[in-house]
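Trainee: Mind looking over this structure? Questions follow.
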Amino acid sequence: MLKLKYLLVLLSVTILTSCSQYHQVLNKGSLSDKYKMATEMYEAKNFNKSLRLFEMITSAYKGKPQMERIQFMIAQSYFNTKDYANAAYYFEKFTNNYPNSSKREEASFNGAKCQFLASPKYSVDQTVTKEALVAFQRYINTYPDSERLQEANEMVNQLQYKLETKAFNIAKQYYDIGYYTSAVVAFDNMISKYFGTVYREEVFFYKFKSAYELSVRSAITKKYKRLVDAEKAYNKLEKNYPESKYLKESQSLLKKVQEEIALILS
């Protein structure tokens with residue numbers, strides 16, 4: 001028990017001494033003292049403290065050999081404090097400034113990962129998601145044999161799924177609120193843009209349903225063409241998914257389409 005108390009007291013003294021030294025260097029330390037303390041804080045995983053010191057010395061080390069290490073530690077510190085926007089900025093800056101650095105691949109990967117982690121839920125603006133995909137594609141193209149490739153591809157798949165989910169929900173919302181022309185266009189665009197999407201079967205089904213609803217509600221001058229388009233949409237569903245769970249419902253709607261076509265042509 002006495003030994004434990006002694007260790008706790010020693011730890012407290014060490015922490016207080018360290019804090020005192022930090023503030024002394026922060027307020028009155030020389031450039032080299034601040035660089036040394038910033039590095040020590042970084043290695044001790046006190047990233048907020050290291051960042052505060054790095055901010056004070058960065059301009060003085062511009063163009064000097066130490067700047068490569070400083071810039072990487074700044075980026076990594078922001079990453080570890082979950083400030084992904086600043087981390088992505090500094091990682092990109094590092095890769096541009098030090099193309100021959102041994103840390104360049106790690107910086108390039110971490111920069112893309114920052115954007116992945118900053119990517120919001122699918123229902124809001126997906127600008128960051130798209131930027132993350134561009135960053136990962138650039139990384140994969142530059143380092144095709146990287147040991148981080150599997151992790152990069154897994155994150156790419158998650159980002160892609162998020163974009164597909166957003167696109168599908170927008171198209172489905174058009175269908176749900178009765179904007180059938182917009183729904184047909186949106187589902188068509190999704191098939192073209194996300195050919196291998198996990199929503200592909202549903203996209204074909206709802207495109208047909210949208211085309212069906214549009215055709216049966218059309219004025220006589222547009223009805224025939226839209227009925228034919230609906231029939232074509234069904235054929236694509238059946239061709240791509242001959243055992244689709246949606247076929248029974250779709251065949252019932254197709255029958256009505258064909259009856260209306262026959263009536264117009266009679």
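Labels used: A, B, ... for chains in the order of the structure tokens, numbers from 1 for residues in each chain, and numbers from 1 for ligands as shown.
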Env of A:Ser50: 7 Å cut, atoms = only C-alpha atoms, seq-sep filter 4 positions within chain, self excluded. Answer as a ChimeraX atom specification.

Mentor: /A:38-39,41-42,46,54

Trainee: List the spatial neighbours of A:Tyr246 as a PDB file with C-alpha atoms, in the first residue's frame - criterion: any atom at most 10 Å away, only C-alpha atoms, same-chain residues fewer than 3 positions off excluded.

Mentor:
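Result file result-v3.pdb:
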```pdb
ATOM      1  CA  GLU A 201     -32.657  -5.113 -59.031  1.00  0.00           C
ATOM      2  CA  GLU A 202     -34.775  -2.588 -57.125  1.00  0.00           C
ATOM      3  CA  PHE A 204     -35.022  -1.889 -62.538  1.00  0.00           C
ATOM      4  CA  PHE A 205     -38.240  -2.673 -60.674  1.00  0.00           C
ATOM      5  CA  TYR A 206     -38.998   0.887 -59.611  1.00  0.00           C
ATOM      6  CA  LEU A 237     -36.189  -6.193 -65.429  1.00  0.00           C
ATOM      7  CA  GLU A 238     -37.099  -9.699 -66.600  1.00  0.00           C
ATOM      8  CA  TYR A 241     -33.512 -10.738 -63.106  1.00  0.00           C
ATOM      9  CA  PRO A 242     -35.546 -13.640 -64.505  1.00  0.00           C
ATOM     10  CA  GLU A 243     -36.200 -14.924 -60.991  1.00  0.00           C
ATOM     11  CA  GLU A 249     -46.225  -7.851 -59.186  1.00  0.00           C
ATOM     12  CA  SER A 250     -44.567  -6.570 -62.357  1.00  0.00           C
ATOM     13  CA  GLN A 251     -46.312  -9.117 -64.573  1.00  0.00           C
TER      14      GLN A 251
END
```

Trainee: Distance table requested - stretch 12-104 of chain A against stretch 132-155 of chain A, cut-off 12 Å, only C-alpha atoms: one row per qualifying residue with the closest atom pair and its distance in Å to one decimal, ordered by chain and rising residue number, as a tab-separated table.

Mentor:
```
residue	atom	partner	partner_atom	distance
A:Tyr84	CA	A:Ala132	CA	11.6
A:Ala85	CA	A:Ala132	CA	11.5
A:Ala88	CA	A:Ala132	CA	9.8
A:Tyr89	CA	A:Ala135	CA	11.8
A:Phe91	CA	A:Ala135	CA	11.2
A:Glu92	CA	A:Ala135	CA	9.5
A:Thr95	CA	A:Tyr139	CA	10.9
A:Pro99	CA	A:Thr142	CA	11.6
A:Arg104	CA	A:Tyr139	CA	10.4
```

Trainee: Take the selection from the previous step and output its residues with N, CA and C atoms, as an mmCIF file, in the first residue's frame.

Mentor:
```cif
data_model
loop_
_atom_site.group_PDB
_atom_site.id
_atom_site.type_symbol
_atom_site.label_atom_id
_atom_site.label_comp_id
_atom_site.auth_asym_id
_atom_site.auth_seq_id
_atom_site.Cartn_x
_atom_site.Cartn_y
_atom_site.Cartn_z
ATOM 1 N N TYR A 84 -10.347 16.160 -38.724
ATOM 2 C CA TYR A 84 -10.043 15.538 -40.003
ATOM 3 C C TYR A 84 -9.893 16.541 -41.148
ATOM 4 N N ALA A 85 -10.584 17.652 -41.055
ATOM 5 C CA ALA A 85 -10.471 18.664 -42.115
ATOM 6 C C ALA A 85 -9.054 19.243 -42.152
ATOM 7 N N ALA A 88 -6.490 16.441 -43.186
ATOM 8 C CA ALA A 88 -6.485 16.194 -44.640
ATOM 9 C C ALA A 88 -5.713 17.285 -45.366
ATOM 10 N N TYR A 89 -5.919 18.521 -44.940
ATOM 11 C CA TYR A 89 -5.224 19.653 -45.561
ATOM 12 C C TYR A 89 -3.714 19.512 -45.403
ATOM 13 N N PHE A 91 -1.928 16.777 -44.615
ATOM 14 C CA PHE A 91 -1.389 15.586 -45.287
ATOM 15 C C PHE A 91 -1.208 15.847 -46.784
ATOM 16 N N GLU A 92 -2.194 16.511 -47.386
ATOM 17 C CA GLU A 92 -2.072 16.833 -48.810
ATOM 18 C C GLU A 92 -0.909 17.804 -49.042
ATOM 19 N N THR A 95 2.326 15.811 -48.909
ATOM 20 C CA THR A 95 2.607 15.004 -50.107
ATOM 21 C C THR A 95 3.042 15.880 -51.283
ATOM 22 N N PRO A 99 7.632 15.173 -52.188
ATOM 23 C CA PRO A 99 7.296 14.020 -53.043
ATOM 24 C C PRO A 99 8.248 12.843 -52.889
ATOM 25 N N ARG A 104 5.672 9.769 -47.509
ATOM 26 C CA ARG A 104 4.682 10.280 -48.467
ATOM 27 C C ARG A 104 3.509 9.314 -48.653
#
```

Trainee: Stretch 109-162 of chain A near stretch 185-199 of chain A within 12 Å: what's each residue's closest atom pair and its distance in Å to one decimal, counting only C-alpha atoms, ordered by chain then ascending residue number, as a tab-separated table?

Mentor:
```
residue	atom	partner	partner_atom	distance
A:Asn157	CA	A:Thr197	CA	10.4
A:Gln158	CA	A:Thr197	CA	11.8
A:Gln160	CA	A:Tyr194	CA	8.8
A:Tyr161	CA	A:Thr197	CA	7.7
A:Lys162	CA	A:Thr197	CA	10.8
```

Trainee: Could you work out how far atom CA of A:Ala118 lies from atom CA of A:Asn86, giving the answer in Å with one decimal?

Mentor: 10.8 Å

Trainee: Write out as CSV a residue-level contact list of stretch 149-195 of chain A versus stretch 207-219 of chain A with cut-off 8 Å: for each qualifying residue the closest pair of atoms and the distance in Å to one decimal, counting only C-alpha atoms, rows sorted by chain and residue number upward.

Mentor:
```
residue,atom,partner,partner_atom,distance
A:Tyr175,CA,A:Ser210,CA,6.2
A:Tyr180,CA,A:Ser210,CA,5.1
A:Thr181,CA,A:Leu214,CA,6.8
A:Ala183,CA,A:Ser210,CA,6.3
A:Val184,CA,A:Lys207,CA,5.4
A:Phe187,CA,A:Lys207,CA,5.7
A:Asp188,CA,A:Lys207,CA,7.3
```

Trainee: Go ahead and save the residues from that selection, with C-alpha atoms, as a PDB file, in the first residue's frame.

Mentor:
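Result file follows (part22.pdb):
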```
ATOM      1  CA  TYR A 175     -41.635   7.763 -57.198  1.00  0.00           C
ATOM      2  CA  TYR A 180     -42.857   9.744 -62.231  1.00  0.00           C
ATOM      3  CA  THR A 181     -40.989  11.472 -65.070  1.00  0.00           C
ATOM      4  CA  ALA A 183     -38.217   9.066 -61.134  1.00  0.00           C
ATOM      5  CA  VAL A 184     -37.687   7.381 -64.523  1.00  0.00           C
ATOM      6  CA  PHE A 187     -33.438   5.473 -61.994  1.00  0.00           C
ATOM      7  CA  ASP A 188     -31.994   5.523 -65.529  1.00  0.00           C
TER       8      ASP A 188
END
```

Trainee: Quick one: residues within 9 Å of A:Tyr78, only C-alpha atoms counted, chain neighbours fewer than 3 positions away excluded, as a ChimeraX atom specification?

Mentor: /A:47-48,51,73-75,81-88,90

Trainee: Would you save the residues of that selection, restricted to C-alpha atoms, as a short mmCIF file (atom, residue, chain, number, x, y, z; two decimals), in the first residue's frame?

Mentor:
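This is the output file out-v3.cif:
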```cif
data_model
loop_
_atom_site.label_atom_id
_atom_site.label_comp_id
_atom_site.auth_asym_id
_atom_site.auth_seq_id
_atom_site.Cartn_x
_atom_site.Cartn_y
_atom_site.Cartn_z
CA PHE A 47 -1.21 16.14 -29.52
CA ASN A 48 -3.04 19.31 -28.54
CA LEU A 51 0.11 21.47 -31.99
CA MET A 73 3.71 15.63 -37.11
CA ILE A 74 1.24 18.51 -37.45
CA ALA A 75 -0.89 16.48 -39.88
CA THR A 81 -7.34 14.71 -32.33
CA LYS A 82 -10.02 13.86 -34.93
CA ASP A 83 -9.78 17.24 -36.63
CA TYR A 84 -10.04 15.54 -40.00
CA ALA A 85 -10.47 18.66 -42.12
CA ASN A 86 -7.17 20.17 -40.93
CA ALA A 87 -5.47 16.78 -41.00
CA ALA A 88 -6.49 16.19 -44.64
CA TYR A 90 -1.81 19.13 -43.95
#
```

Trainee: Ranking A:Leu247, A:Met56, A:Leu159, A:Ile170 by minimum distance to A:Asp33 and counting only C-alpha atoms, which one comes first?

Mentor: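 Smallest distance to A:Asp33 is found for A:Met56.
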
Trainee: Write out as a list in words which residues come within 12 Å of A:Pro120 when counting only C-alpha atoms, dropping same-chain ones fewer than 2 positions away.

Mentor: Cys114, Gln115, Phe116, Leu117, Ala118, Tyr122, Ser123, Val124, Asp125, Gln126, Thr127, Val128, Thr129, Lys130, Ala132, Gln158, Leu159, Lys162, Leu163 and Lys166 of chain A

Trainee: Since we have the selection now, will you write its residues out, keeping N, CA and C atoms, as a PDB file, in the first residue's frame?

Mentor:
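Ended up saving to again_17.pdb:
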```
ATOM      1  N   CYS A 114      -8.762  10.544 -43.760  1.00  0.00           N
ATOM      2  CA  CYS A 114      -9.376  11.682 -43.061  1.00  0.00           C
ATOM      3  C   CYS A 114     -10.686  12.084 -43.735  1.00  0.00           C
ATOM      4  N   GLN A 115     -10.661  12.138 -45.052  1.00  0.00           N
ATOM      5  CA  GLN A 115     -11.872  12.517 -45.777  1.00  0.00           C
ATOM      6  C   GLN A 115     -12.942  11.438 -45.660  1.00  0.00           C
ATOM      7  N   PHE A 116     -12.506  10.180 -45.609  1.00  0.00           N
ATOM      8  CA  PHE A 116     -13.440   9.080 -45.375  1.00  0.00           C
ATOM      9  C   PHE A 116     -14.121   9.249 -44.010  1.00  0.00           C
ATOM     10  N   LEU A 117     -13.327   9.541 -42.996  1.00  0.00           N
ATOM     11  CA  LEU A 117     -13.861   9.686 -41.640  1.00  0.00           C
ATOM     12  C   LEU A 117     -14.731  10.936 -41.498  1.00  0.00           C
ATOM     13  N   ALA A 118     -14.471  11.943 -42.330  1.00  0.00           N
ATOM     14  CA  ALA A 118     -15.257  13.173 -42.290  1.00  0.00           C
ATOM     15  C   ALA A 118     -16.516  13.085 -43.153  1.00  0.00           C
ATOM     16  N   TYR A 122     -25.482   9.634 -45.565  1.00  0.00           N
ATOM     17  CA  TYR A 122     -25.835   9.718 -46.988  1.00  0.00           C
ATOM     18  C   TYR A 122     -26.896  10.769 -47.291  1.00  0.00           C
ATOM     19  N   SER A 123     -27.707  11.136 -46.306  1.00  0.00           N
ATOM     20  CA  SER A 123     -28.852  12.006 -46.570  1.00  0.00           C
ATOM     21  C   SER A 123     -28.488  13.479 -46.750  1.00  0.00           C
ATOM     22  N   VAL A 124     -27.235  13.845 -46.435  1.00  0.00           N
ATOM     23  CA  VAL A 124     -26.829  15.245 -46.597  1.00  0.00           C
ATOM     24  C   VAL A 124     -25.852  15.376 -47.771  1.00  0.00           C
ATOM     25  N   ASP A 125     -25.354  16.593 -47.978  1.00  0.00           N
ATOM     26  CA  ASP A 125     -24.445  16.861 -49.097  1.00  0.00           C
ATOM     27  C   ASP A 125     -23.239  15.919 -49.061  1.00  0.00           C
ATOM     28  N   GLN A 126     -22.895  15.362 -50.224  1.00  0.00           N
ATOM     29  CA  GLN A 126     -21.852  14.339 -50.298  1.00  0.00           C
ATOM     30  C   GLN A 126     -20.563  14.832 -50.971  1.00  0.00           C
ATOM     31  N   THR A 127     -20.308  16.114 -50.900  1.00  0.00           N
ATOM     32  CA  THR A 127     -19.084  16.666 -51.490  1.00  0.00           C
ATOM     33  C   THR A 127     -17.841  16.021 -50.898  1.00  0.00           C
ATOM     34  N   VAL A 128     -17.804  15.891 -49.576  1.00  0.00           N
ATOM     35  CA  VAL A 128     -16.633  15.305 -48.903  1.00  0.00           C
ATOM     36  C   VAL A 128     -16.474  13.842 -49.298  1.00  0.00           C
ATOM     37  N   THR A 129     -17.579  13.137 -49.449  1.00  0.00           N
ATOM     38  CA  THR A 129     -17.534  11.725 -49.868  1.00  0.00           C
ATOM     39  C   THR A 129     -16.896  11.599 -51.248  1.00  0.00           C
ATOM     40  N   LYS A 130     -17.293  12.470 -52.150  1.00  0.00           N
ATOM     41  CA  LYS A 130     -16.733  12.447 -53.511  1.00  0.00           C
ATOM     42  C   LYS A 130     -15.252  12.811 -53.493  1.00  0.00           C
ATOM     43  N   ALA A 132     -13.231  12.249 -51.035  1.00  0.00           N
ATOM     44  CA  ALA A 132     -12.550  11.086 -50.460  1.00  0.00           C
ATOM     45  C   ALA A 132     -12.312  10.016 -51.528  1.00  0.00           C
ATOM     46  N   GLN A 158     -17.329   1.481 -49.081  1.00  0.00           N
ATOM     47  CA  GLN A 158     -18.264   2.126 -48.153  1.00  0.00           C
ATOM     48  C   GLN A 158     -18.702   3.498 -48.659  1.00  0.00           C
ATOM     49  N   LEU A 159     -17.752   4.240 -49.205  1.00  0.00           N
ATOM     50  CA  LEU A 159     -18.077   5.558 -49.758  1.00  0.00           C
ATOM     51  C   LEU A 159     -19.005   5.429 -50.961  1.00  0.00           C
ATOM     52  N   LYS A 162     -22.492   4.667 -49.990  1.00  0.00           N
ATOM     53  CA  LYS A 162     -23.165   5.855 -49.469  1.00  0.00           C
ATOM     54  C   LYS A 162     -23.746   6.695 -50.612  1.00  0.00           C
ATOM     55  N   LEU A 163     -22.959   6.866 -51.673  1.00  0.00           N
ATOM     56  CA  LEU A 163     -23.445   7.620 -52.835  1.00  0.00           C
ATOM     57  C   LEU A 163     -24.596   6.895 -53.518  1.00  0.00           C
ATOM     58  N   LYS A 166     -27.775   7.313 -51.455  1.00  0.00           N
ATOM     59  CA  LYS A 166     -28.352   8.644 -51.638  1.00  0.00           C
ATOM     60  C   LYS A 166     -29.088   8.730 -52.978  1.00  0.00           C
TER      61      LYS A 166
END
```

Trainee: Out of stretch 3-224 of chain A, which residues get helix (DSSP H, G or I) from DSSP, as a ChimeraX atom specification?

Mentor: /A:3-28,31-43,47-57,59-61,66-80,84-97,104-118,127-142,149-176,180-193,200-216,220-224

Trainee: Given the choices A:Ile264, A:Glu164, A:Lys113, A:Ser119, which gets closest to A:Thr221 if the distance is worked out from only C-alpha atoms?

Mentor: A:Ile264
